[in-house]
file structure.pdb (PDB, C-alpha atoms, pLDDT in the B column)
ATOM      1  CA  MET A 905     -69.315 -38.266 -55.983  1.00 90.00           C
ATOM      2  CA  ARG A 906     -68.694 -35.995 -53.004  1.00 96.00           C
ATOM      3  CA  GLN A 907     -66.327 -33.285 -54.097  1.00 97.00           C
ATOM      4  CA  PHE A 908     -64.176 -30.994 -52.012  1.00 98.00           C
ATOM      5  CA  GLY A 909     -61.582 -28.461 -53.040  1.00 98.00           C
ATOM      6  CA  LEU A 910     -59.362 -25.476 -52.429  1.00 98.00           C
ATOM      7  CA  ILE A 911     -59.854 -22.011 -53.892  1.00 98.00           C
ATOM      8  CA  GLY A 912     -57.120 -19.416 -54.198  1.00 97.00           C
ATOM      9  CA  ARG A 913     -55.299 -17.403 -56.814  1.00 96.00           C
ATOM     10  CA  THR A 914     -52.152 -19.530 -57.133  1.00 93.00           C
ATOM     11  CA  LEU A 915     -52.203 -23.086 -55.825  1.00 95.00           C
ATOM     12  CA  SER A 916     -49.020 -24.700 -57.145  1.00 88.00           C
ATOM     13  CA  HIS A 917     -47.597 -24.602 -53.602  1.00 86.00           C
ATOM     14  CA  SER A 918     -50.558 -26.352 -51.976  1.00 91.00           C
ATOM     15  CA  PHE A 919     -50.381 -29.683 -50.189  1.00 94.00           C
ATOM     16  CA  SER A 920     -54.119 -29.813 -49.444  1.00 95.00           C
ATOM     17  CA  GLN A 921     -55.032 -31.998 -52.412  1.00 96.00           C
ATOM     18  CA  THR A 922     -52.412 -34.595 -51.489  1.00 96.00           C
ATOM     19  CA  TYR A 923     -53.448 -34.469 -47.847  1.00 97.00           C
ATOM     20  CA  PHE A 924     -57.134 -35.084 -48.473  1.00 98.00           C
ATOM     21  CA  THR A 925     -56.608 -37.578 -51.299  1.00 97.00           C
ATOM     22  CA  GLN A 926     -54.501 -39.691 -48.949  1.00 97.00           C
ATOM     23  CA  LYS A 927     -57.108 -39.270 -46.225  1.00 97.00           C
ATOM     24  CA  PHE A 928     -59.925 -40.450 -48.499  1.00 98.00           C
ATOM     25  CA  TYR A 929     -57.846 -43.479 -49.504  1.00 98.00           C
ATOM     26  CA  SER A 930     -57.021 -44.395 -45.906  1.00 97.00           C
ATOM     27  CA  LEU A 931     -60.691 -44.093 -44.919  1.00 97.00           C
ATOM     28  CA  GLY A 932     -61.877 -46.169 -47.881  1.00 98.00           C
ATOM     29  CA  LEU A 933     -63.886 -43.369 -49.518  1.00 97.00           C
ATOM     30  CA  PRO A 934     -63.577 -43.897 -53.288  1.00 97.00           C
ATOM     31  CA  ASP A 935     -66.562 -41.605 -53.932  1.00 96.00           C
ATOM     32  CA  HIS A 936     -64.709 -38.589 -52.455  1.00 97.00           C
ATOM     33  CA  GLN A 937     -62.332 -36.337 -54.356  1.00 97.00           C
ATOM     34  CA  TYR A 938     -60.444 -33.124 -53.691  1.00 98.00           C
ATOM     35  CA  ASP A 939     -59.564 -30.637 -56.430  1.00 98.00           C
ATOM     36  CA  LEU A 940     -57.689 -27.375 -56.786  1.00 98.00           C
ATOM     37  CA  PHE A 941     -59.593 -24.386 -58.195  1.00 98.00           C
ATOM     38  CA  GLU A 942     -57.500 -21.375 -59.120  1.00 98.00           C
ATOM     39  CA  LEU A 943     -59.680 -18.282 -59.363  1.00 98.00           C
ATOM     40  CA  ALA A 944     -58.376 -15.120 -60.997  1.00 98.00           C
ATOM     41  CA  THR A 945     -60.843 -13.202 -58.822  1.00 98.00           C
ATOM     42  CA  ILE A 946     -63.288 -14.229 -56.112  1.00 98.00           C
ATOM     43  CA  ASN A 947     -66.076 -13.138 -58.500  1.00 98.00           C
ATOM     44  CA  GLU A 948     -65.610 -16.503 -60.209  1.00 98.00           C
ATOM     45  CA  LEU A 949     -66.878 -18.419 -57.166  1.00 98.00           C
ATOM     46  CA  PRO A 950     -70.601 -18.501 -58.103  1.00 97.00           C
ATOM     47  CA  ALA A 951     -69.785 -19.936 -61.539  1.00 98.00           C
ATOM     48  CA  LEU A 952     -67.527 -22.548 -59.946  1.00 98.00           C
ATOM     49  CA  LEU A 953     -70.278 -23.664 -57.580  1.00 97.00           C
ATOM     50  CA  ALA A 954     -72.815 -23.798 -60.399  1.00 97.00           C
ATOM     51  CA  ALA A 955     -70.479 -25.936 -62.496  1.00 97.00           C
ATOM     52  CA  HIS A 956     -69.836 -28.389 -59.640  1.00 97.00           C
ATOM     53  CA  PRO A 957     -73.145 -29.322 -57.970  1.00 94.00           C
ATOM     54  CA  GLY A 958     -71.414 -32.139 -56.093  1.00 93.00           C
ATOM     55  CA  LEU A 959     -69.047 -29.719 -54.351  1.00 96.00           C
ATOM     56  CA  VAL A 960     -69.898 -29.891 -50.657  1.00 95.00           C
ATOM     57  CA  GLY A 961     -66.841 -28.326 -49.035  1.00 97.00           C
ATOM     58  CA  LEU A 962     -64.136 -25.805 -49.815  1.00 98.00           C
ATOM     59  CA  ASN A 963     -60.939 -24.645 -48.232  1.00 98.00           C
ATOM     60  CA  VAL A 964     -59.998 -21.017 -48.887  1.00 98.00           C
ATOM     61  CA  THR A 965     -56.481 -19.649 -49.134  1.00 95.00           C
ATOM     62  CA  VAL A 966     -54.853 -16.326 -49.996  1.00 92.00           C
ATOM     63  CA  PRO A 967     -55.968 -13.864 -51.086  1.00 95.00           C
ATOM     64  CA  TYR A 968     -59.650 -14.735 -50.630  1.00 97.00           C
ATOM     65  CA  LYS A 969     -60.071 -15.465 -46.912  1.00 97.00           C
ATOM     66  CA  GLU A 970     -61.796 -12.138 -46.365  1.00 97.00           C
ATOM     67  CA  SER A 971     -63.408 -11.385 -49.731  1.00 98.00           C
ATOM     68  CA  VAL A 972     -65.103 -14.807 -49.871  1.00 98.00           C
ATOM     69  CA  MET A 973     -67.321 -13.691 -46.994  1.00 98.00           C
ATOM     70  CA  LEU A 974     -69.347 -11.537 -49.387  1.00 98.00           C
ATOM     71  CA  TYR A 975     -70.510 -14.677 -51.212  1.00 98.00           C
ATOM     72  CA  LEU A 976     -71.646 -16.666 -48.178  1.00 98.00           C
ATOM     73  CA  ASP A 977     -75.144 -16.947 -46.749  1.00 98.00           C
ATOM     74  CA  GLU A 978     -74.052 -17.165 -43.134  1.00 98.00           C
ATOM     75  CA  LEU A 979     -71.004 -17.224 -40.909  1.00 98.00           C
ATOM     76  CA  ALA A 980     -70.238 -19.592 -38.065  1.00 98.00           C
ATOM     77  CA  PRO A 981     -69.123 -17.965 -34.797  1.00 98.00           C
ATOM     78  CA  SER A 982     -65.489 -18.854 -35.551  1.00 98.00           C
ATOM     79  CA  ALA A 983     -65.542 -16.862 -38.808  1.00 98.00           C
ATOM     80  CA  THR A 984     -67.302 -13.923 -37.203  1.00 98.00           C
ATOM     81  CA  ARG A 985     -64.779 -13.833 -34.404  1.00 98.00           C
ATOM     82  CA  VAL A 986     -61.735 -13.983 -36.689  1.00 98.00           C
ATOM     83  CA  GLY A 987     -63.142 -11.874 -39.503  1.00 97.00           C
ATOM     84  CA  ALA A 988     -61.933 -14.324 -42.133  1.00 97.00           C
ATOM     85  CA  VAL A 989     -62.987 -17.660 -43.634  1.00 98.00           C
ATOM     86  CA  ASN A 990     -60.823 -20.627 -44.583  1.00 98.00           C
ATOM     87  CA  VAL A 991     -63.550 -23.311 -44.686  1.00 98.00           C
ATOM     88  CA  VAL A 992     -66.858 -23.230 -46.562  1.00 98.00           C
ATOM     89  CA  GLU A 993     -69.549 -25.849 -46.212  1.00 97.00           C
ATOM     90  CA  ARG A 994     -72.383 -26.226 -48.687  1.00 95.00           C
ATOM     91  CA  LEU A 995     -75.452 -27.089 -46.678  1.00 94.00           C
ATOM     92  CA  PRO A 996     -78.028 -29.598 -47.974  1.00 91.00           C
ATOM     93  CA  ASP A 997     -80.332 -26.725 -48.967  1.00 93.00           C
ATOM     94  CA  GLY A 998     -77.533 -25.115 -51.014  1.00 93.00           C
ATOM     95  CA  ARG A 999     -76.699 -22.304 -48.613  1.00 96.00           C
ATOM     96  CA  LEU A1000     -73.036 -21.564 -47.923  1.00 98.00           C
ATOM     97  CA  ARG A1001     -71.697 -21.292 -44.393  1.00 98.00           C
ATOM     98  CA  GLY A1002     -68.228 -19.976 -43.618  1.00 98.00           C
ATOM     99  CA  HIS A1003     -65.965 -21.140 -40.792  1.00 98.00           C
ATOM    100  CA  ASN A1004     -62.466 -20.459 -39.567  1.00 98.00           C
ATOM    101  CA  THR A1005     -60.310 -23.381 -38.477  1.00 98.00           C
ATOM    102  CA  ASP A1006     -56.999 -21.559 -39.003  1.00 97.00           C
ATOM    103  CA  PHE A1007     -57.009 -20.102 -35.518  1.00 97.00           C
ATOM    104  CA  VAL A1008     -57.562 -23.525 -33.948  1.00 97.00           C
ATOM    105  CA  GLY A1009     -54.783 -25.072 -36.029  1.00 97.00           C
ATOM    106  CA  PHE A1010     -52.365 -22.284 -35.196  1.00 98.00           C
ATOM    107  CA  ARG A1011     -53.272 -22.206 -31.513  1.00 97.00           C
ATOM    108  CA  GLU A1012     -52.609 -25.906 -31.045  1.00 97.00           C
ATOM    109  CA  SER A1013     -49.438 -25.828 -33.135  1.00 98.00           C
ATOM    110  CA  LEU A1014     -48.119 -22.888 -31.129  1.00 97.00           C
ATOM    111  CA  ARG A1015     -48.883 -24.604 -27.824  1.00 96.00           C
ATOM    112  CA  ARG A1016     -46.583 -27.454 -28.875  1.00 96.00           C
ATOM    113  CA  PHE A1017     -43.813 -25.069 -29.958  1.00 97.00           C
ATOM    114  CA  PHE A1018     -43.655 -21.971 -27.792  1.00 97.00           C
ATOM    115  CA  PRO A1019     -43.101 -22.571 -24.069  1.00 92.00           C
ATOM    116  CA  GLY A1020     -44.558 -19.198 -23.203  1.00 81.00           C
ATOM    117  CA  ALA A1021     -43.572 -17.085 -20.266  1.00 72.00           C
ATOM    118  CA  PRO A1022     -45.123 -14.478 -18.009  1.00 70.00           C
ATOM    119  CA  GLU A1023     -45.823 -11.389 -20.069  1.00 81.00           C
ATOM    120  CA  ALA A1024     -44.674 -13.091 -23.290  1.00 91.00           C
ATOM    121  CA  ARG A1025     -44.934 -10.821 -26.321  1.00 96.00           C
ATOM    122  CA  ALA A1026     -45.185 -11.535 -30.028  1.00 98.00           C
ATOM    123  CA  LEU A1027     -44.817  -9.838 -33.393  1.00 98.00           C
ATOM    124  CA  VAL A1028     -47.340 -10.897 -36.041  1.00 98.00           C
ATOM    125  CA  LEU A1029     -46.073 -10.177 -39.543  1.00 98.00           C
ATOM    126  CA  GLY A1030     -49.018  -9.434 -41.828  1.00 96.00           C
ATOM    127  CA  THR A1031     -52.541  -8.090 -41.495  1.00 94.00           C
ATOM    128  CA  GLY A1032     -54.573 -10.371 -43.808  1.00 94.00           C
ATOM    129  CA  GLY A1033     -56.922 -13.240 -43.045  1.00 96.00           C
ATOM    130  CA  ALA A1034     -54.175 -15.519 -41.749  1.00 96.00           C
ATOM    131  CA  ALA A1035     -52.900 -12.821 -39.392  1.00 97.00           C
ATOM    132  CA  LYS A1036     -56.415 -12.316 -38.047  1.00 97.00           C
ATOM    133  CA  ALA A1037     -56.593 -16.009 -37.136  1.00 97.00           C
ATOM    134  CA  VAL A1038     -53.203 -15.766 -35.429  1.00 98.00           C
ATOM    135  CA  VAL A1039     -54.386 -12.790 -33.375  1.00 98.00           C
ATOM    136  CA  VAL A1040     -57.424 -14.697 -32.079  1.00 98.00           C
ATOM    137  CA  ALA A1041     -55.200 -17.629 -31.108  1.00 97.00           C
ATOM    138  CA  LEU A1042     -52.769 -15.330 -29.287  1.00 97.00           C
ATOM    139  CA  GLN A1043     -55.652 -13.694 -27.453  1.00 96.00           C
ATOM    140  CA  GLU A1044     -56.854 -17.102 -26.257  1.00 95.00           C
ATOM    141  CA  LEU A1045     -53.343 -17.941 -25.058  1.00 95.00           C
ATOM    142  CA  GLY A1046     -52.914 -14.592 -23.326  1.00 94.00           C
ATOM    143  CA  ILE A1047     -49.927 -13.503 -25.431  1.00 96.00           C
ATOM    144  CA  ALA A1048     -49.643  -9.756 -26.056  1.00 96.00           C
ATOM    145  CA  HIS A1049     -48.774  -8.862 -29.630  1.00 97.00           C
ATOM    146  CA  TRP A1050     -48.175  -6.212 -32.267  1.00 97.00           C
ATOM    147  CA  LEU A1051     -49.247  -6.464 -35.898  1.00 97.00           C
ATOM    148  CA  VAL A1052     -46.533  -5.535 -38.395  1.00 98.00           C
ATOM    149  CA  SER A1053     -47.180  -4.464 -41.992  1.00 95.00           C
ATOM    150  CA  ARG A1054     -45.762  -2.352 -44.800  1.00 92.00           C
ATOM    151  CA  ASP A1055     -48.626   0.143 -44.497  1.00 89.00           C
ATOM    152  CA  PRO A1056     -47.796   3.133 -42.268  1.00 84.00           C
ATOM    153  CA  MET A1057     -51.519   3.893 -42.022  1.00 78.00           C
ATOM    154  CA  ALA A1058     -52.414   0.456 -40.696  1.00 81.00           C
ATOM    155  CA  HIS A1059     -53.032  -0.357 -37.050  1.00 83.00           C
ATOM    156  CA  GLY A1060     -49.782  -1.539 -35.491  1.00 93.00           C
ATOM    157  CA  LEU A1061     -46.146  -1.283 -36.519  1.00 97.00           C
ATOM    158  CA  THR A1062     -44.314  -1.062 -39.816  1.00 97.00           C
ATOM    159  CA  TYR A1063     -41.165  -2.981 -40.666  1.00 97.00           C
ATOM    160  CA  ASP A1064     -39.236   0.266 -40.279  1.00 96.00           C
ATOM    161  CA  ASP A1065     -40.280   0.281 -36.611  1.00 96.00           C
ATOM    162  CA  LEU A1066     -38.587  -3.057 -35.943  1.00 97.00           C
ATOM    163  CA  THR A1067     -35.426  -1.945 -34.228  1.00 97.00           C
ATOM    164  CA  PRO A1068     -33.048  -4.527 -32.755  1.00 97.00           C
ATOM    165  CA  GLN A1069     -34.264  -3.498 -29.300  1.00 97.00           C
ATOM    166  CA  LEU A1070     -37.915  -4.071 -30.189  1.00 97.00           C
ATOM    167  CA  VAL A1071     -37.169  -7.443 -31.774  1.00 97.00           C
ATOM    168  CA  ALA A1072     -35.180  -8.468 -28.701  1.00 96.00           C
ATOM    169  CA  ALA A1073     -38.226  -7.683 -26.525  1.00 95.00           C
ATOM    170  CA  HIS A1074     -40.507  -9.997 -28.526  1.00 97.00           C
ATOM    171  CA  PRO A1075     -39.372 -13.614 -28.288  1.00 97.00           C
ATOM    172  CA  LEU A1076     -42.171 -14.916 -30.547  1.00 98.00           C
ATOM    173  CA  ILE A1077     -42.297 -13.815 -34.196  1.00 98.00           C
ATOM    174  CA  ILE A1078     -44.973 -15.204 -36.525  1.00 98.00           C
ATOM    175  CA  ASN A1079     -44.875 -14.884 -40.300  1.00 98.00           C
ATOM    176  CA  ALA A1080     -48.511 -14.662 -41.397  1.00 98.00           C
ATOM    177  CA  THR A1081     -47.594 -13.338 -44.854  1.00 96.00           C
ATOM    178  CA  PRO A1082     -47.079 -15.455 -47.997  1.00 95.00           C
ATOM    179  CA  LEU A1083     -43.467 -14.250 -48.279  1.00 97.00           C
ATOM    180  CA  GLY A1084     -41.172 -17.196 -48.957  1.00 97.00           C
ATOM    181  CA  THR A1085     -43.868 -19.484 -50.368  1.00 95.00           C
ATOM    182  CA  PHE A1086     -42.858 -21.684 -53.302  1.00 93.00           C
ATOM    183  CA  PRO A1087     -41.863 -20.760 -55.989  1.00 93.00           C
ATOM    184  CA  ARG A1088     -40.689 -17.400 -54.596  1.00 95.00           C
ATOM    185  CA  THR A1089     -38.475 -19.002 -52.004  1.00 97.00           C
ATOM    186  CA  ASP A1090     -35.875 -16.208 -52.077  1.00 98.00           C
ATOM    187  CA  GLU A1091     -38.243 -13.810 -50.265  1.00 98.00           C
ATOM    188  CA  CYS A1092     -38.593 -13.176 -46.544  1.00 98.00           C
ATOM    189  CA  PRO A1093     -39.998 -10.478 -44.259  1.00 98.00           C
ATOM    190  CA  PRO A1094     -37.583  -7.544 -43.845  1.00 97.00           C
ATOM    191  CA  LEU A1095     -36.511  -8.045 -40.235  1.00 96.00           C
ATOM    192  CA  PRO A1096     -33.269  -7.140 -38.456  1.00 97.00           C
ATOM    193  CA  TYR A1097     -32.348 -10.832 -38.342  1.00 98.00           C
ATOM    194  CA  ALA A1098     -29.030 -10.049 -36.640  1.00 97.00           C
ATOM    195  CA  ALA A1099     -31.050  -9.106 -33.538  1.00 97.00           C
ATOM    196  CA  LEU A1100     -32.396 -12.659 -33.159  1.00 98.00           C
ATOM    197  CA  THR A1101     -30.970 -14.925 -30.461  1.00 97.00           C
ATOM    198  CA  GLU A1102     -31.411 -18.427 -29.077  1.00 97.00           C
ATOM    199  CA  HIS A1103     -34.260 -17.007 -26.983  1.00 95.00           C
ATOM    200  CA  HIS A1104     -36.424 -16.345 -30.054  1.00 97.00           C
ATOM    201  CA  TYR A1105     -39.124 -18.596 -31.533  1.00 98.00           C
ATOM    202  CA  LEU A1106     -40.039 -18.097 -35.197  1.00 98.00           C
ATOM    203  CA  HIS A1107     -43.281 -19.693 -36.420  1.00 98.00           C
ATOM    204  CA  ASP A1108     -43.870 -19.486 -40.167  1.00 98.00           C
ATOM    205  CA  LEU A1109     -47.368 -20.233 -41.469  1.00 98.00           C
ATOM    206  CA  VAL A1110     -45.778 -21.133 -44.821  1.00 97.00           C
ATOM    207  CA  TYR A1111     -45.215 -24.893 -45.201  1.00 96.00           C
ATOM    208  CA  ASN A1112     -43.838 -25.123 -48.748  1.00 95.00           C
ATOM    209  CA  PRO A1113     -40.830 -25.092 -48.686  1.00 96.00           C
ATOM    210  CA  THR A1114     -40.384 -26.891 -45.395  1.00 97.00           C
ATOM    211  CA  GLU A1115     -37.685 -24.395 -44.426  1.00 98.00           C
ATOM    212  CA  THR A1116     -38.315 -20.855 -45.617  1.00 98.00           C
ATOM    213  CA  LEU A1117     -35.695 -18.145 -45.814  1.00 98.00           C
ATOM    214  CA  PHE A1118     -37.363 -16.587 -42.742  1.00 98.00           C
ATOM    215  CA  MET A1119     -36.756 -19.823 -40.856  1.00 98.00           C
ATOM    216  CA  HIS A1120     -33.244 -20.278 -42.243  1.00 98.00           C
ATOM    217  CA  LYS A1121     -32.167 -16.836 -41.091  1.00 98.00           C
ATOM    218  CA  GLY A1122     -33.678 -17.539 -37.696  1.00 98.00           C
ATOM    219  CA  LYS A1123     -31.795 -20.819 -37.343  1.00 98.00           C
ATOM    220  CA  GLU A1124     -28.555 -19.102 -38.286  1.00 98.00           C
ATOM    221  CA  ALA A1125     -29.098 -16.766 -35.339  1.00 98.00           C
ATOM    222  CA  GLY A1126     -29.807 -19.687 -32.994  1.00 98.00           C
ATOM    223  CA  ALA A1127     -33.582 -19.250 -32.825  1.00 98.00           C
ATOM    224  CA  GLN A1128     -36.095 -22.092 -32.646  1.00 98.00           C
ATOM    225  CA  VAL A1129     -38.145 -22.350 -35.852  1.00 98.00           C
ATOM    226  CA  LYS A1130     -41.281 -24.114 -37.039  1.00 98.00           C
ATOM    227  CA  ASN A1131     -43.171 -24.140 -40.335  1.00 98.00           C
ATOM    228  CA  GLY A1132     -46.903 -24.251 -40.976  1.00 98.00           C
ATOM    229  CA  PHE A1133     -47.315 -27.934 -41.839  1.00 97.00           C
ATOM    230  CA  GLU A1134     -48.663 -28.994 -38.453  1.00 98.00           C
ATOM    231  CA  MET A1135     -51.066 -26.055 -38.508  1.00 98.00           C
ATOM    232  CA  LEU A1136     -52.187 -27.143 -41.991  1.00 96.00           C
ATOM    233  CA  CYS A1137     -52.931 -30.653 -40.756  1.00 97.00           C
ATOM    234  CA  LEU A1138     -54.761 -29.470 -37.636  1.00 98.00           C
ATOM    235  CA  GLN A1139     -56.964 -26.991 -39.506  1.00 97.00           C
ATOM    236  CA  ALA A1140     -57.646 -29.588 -42.217  1.00 97.00           C
ATOM    237  CA  GLU A1141     -58.866 -32.112 -39.649  1.00 97.00           C
ATOM    238  CA  ALA A1142     -61.122 -29.453 -38.139  1.00 97.00           C
ATOM    239  CA  ALA A1143     -62.484 -28.731 -41.639  1.00 97.00           C
ATOM    240  CA  TRP A1144     -63.129 -32.447 -42.182  1.00 97.00           C
ATOM    241  CA  ASP A1145     -65.151 -32.571 -38.954  1.00 97.00           C
ATOM    242  CA  ILE A1146     -67.242 -29.620 -40.167  1.00 97.00           C
ATOM    243  CA  TRP A1147     -67.947 -31.193 -43.549  1.00 96.00           C
ATOM    244  CA  ASN A1148     -68.901 -34.505 -41.964  1.00 93.00           C
ATOM    245  CA  ALA A1149     -71.294 -32.755 -39.611  1.00 89.00           C
ATOM    246  CA  ALA A1150     -72.920 -31.018 -42.575  1.00 56.00           C
ATOM    247  CA  LEU A1151     -73.343 -34.311 -44.409  1.00 56.00           C
ATOM    248  CA  LYS A1152     -74.922 -35.894 -41.329  1.00 58.00           C
ATOM    249  CA  GLU A1153     -77.378 -33.012 -41.164  1.00 52.00           C
ATOM    250  CA  GLY A1154     -78.431 -33.915 -44.670  1.00 46.00           C
TER     251      GLY A1154
END

call {"tool": "encode", "arguments": {"input": "structure.pdb", "output": "structure tokens"}}
result
Amino acid sequence: MRQFGLIGRTLSHSFSQTYFTQKFYSLGLPDHQYDLFELATINELPALLAAHPGLVGLNVTVPYKESVMLYLDELAPSATRVGAVNVVERLPDGRLRGHNTDFVGFRESLRRFFPGAPEARALVLGTGGAAKAVVVALQELGIAHWLVSRDPMAHGLTYDDLTPQLVAAHPLIINATPLGTFPRTDECPPLPYAALTEHHYLHDLVYNPTETLFMHKGKEAGAQVKNGFEMLCLQAEAAWDIWNAALKEG
């Protein structure tokens, strides 16, 4: 049995197991399975790996995309560049290599959503591993950006800095926080939503629910909105390519 899985703290919202289970079925791979592994802390990872010797690939979600790096033997260039890991491959010799496919998934999803413009500017809500992947994608696309967080000591802006004028000057707003994720669907980033217009594009990395409160408020203001499902699919396919390459090496 070739086993794959997802690690995170709370995984009730995840669609990854359904996605890969359907993929294995469509490809005729009955000896493949995908499981969810909720870890109270990332310190539980070594025990998980020891208990599942057939585990050859992992996806990583919040809040472990950065802390998991301490438990890996090496990082692929994508993970080094982003500074976060969302894919782990277990090499034939047992070593663990970390990758980042989030930035590829987001970059391609954004290309299909945001028309761009000369000197386009974006606000990235959040400063965690997902936000780091978004930043790399924006850099590749040549889109200037500010990071926004609750921490006044962090690099970038705070939510208190988001005046209507500043929001109006940034047509692209990306939610790279878990706010609004099922089951806490009544949450959203604290923006001046009344400042949004039909010229704004709101991309939420959250995909469950399909329409978050962040997106709903954007639609009410006339903005274009998109959730993170396409990004999920694109990064998952990139992860699958990585795991297949590792198996071929073996």

call {"tool": "resolve_selection", "arguments": {"input": "structure.pdb", "expression": "the PyMOL selection byres ((chain A and resi 1068) around 10)", "output": "list in words"}}
result
Asp1065, Leu1066, Thr1067, Gln1069, Leu1070, Val1071, Ala1072, Ala1073, Leu1095, Pro1096, Tyr1097, Ala1098, Ala1099 and Leu1100 of chain A

call {"tool": "resolve_selection", "arguments": {"input": "structure.pdb", "expression": "the PyMOL selection byres ((chain A and resi 1004-1012) around 8)", "output": "MDAnalysis selection string"}}
result
chainID A and resid 980 982:983 986 988:991 1002:1003 1013:1016 1034 1037:1038 1040:1042 1045 1134:1140 1142:1143

call {"tool": "residues_around", "arguments": {"input": "structure.pdb", "residues": "Gly1020 (chain A)", "least_positions_apart": "2", "cutoff": "12 Å", "atoms": "all atoms listed in the file", "output": "MDAnalysis selection string"}}
result
chainID A and resid 1014:1018 1022:1026 1042 1045:1048 1074:1076 1103:1105

call {"tool": "atom_distance", "arguments": {"input": "structure.pdb", "atom1": "CA of Trp1144 (chain A)", "atom2": "CA of Glu1115 (chain A)"}}
result
26.8 Å

call {"tool": "closest_residue", "arguments": {"input": "structure.pdb", "among": "A:Leu940, A:Ala951, A:Met1119, A:Met905", "to": "Thr965 (chain A)", "atoms": "only C-alpha atoms"}}
result
A:Leu940

call {"tool": "resolve_selection", "arguments": {"input": "structure.pdb", "expression": "the PyMOL selection byres ((chain A and resi 1094) around 12)", "output": "ChimeraX atom specification"}}
result
/A:1029-1030,1052-1054,1062-1067,1079,1081,1083-1084,1091-1093,1095-1098,1117-1118,1121

call {"tool": "residues_around", "arguments": {"input": "structure.pdb", "residues": "Thr945 (chain A)", "least_positions_apart": "2", "cutoff": "9 Å", "atoms": "all atoms listed in the file", "output": "ChimeraX atom specification"}}
result
/A:912-913,942-943,947-949,968

call {"tool": "atom_distance", "arguments": {"input": "structure.pdb", "atom1": "CA of Val1039 (chain A)", "atom2": "CA of Pro1056 (chain A)"}}
result
19.4 Å

call {"tool": "closest_residue", "arguments": {"input": "structure.pdb", "among": "A:Pro1113, A:Gly998, A:Pro1082, A:Gly1126", "to": "Asp977 (chain A)", "atoms": "all atoms listed in the file"}}
result
A:Gly998
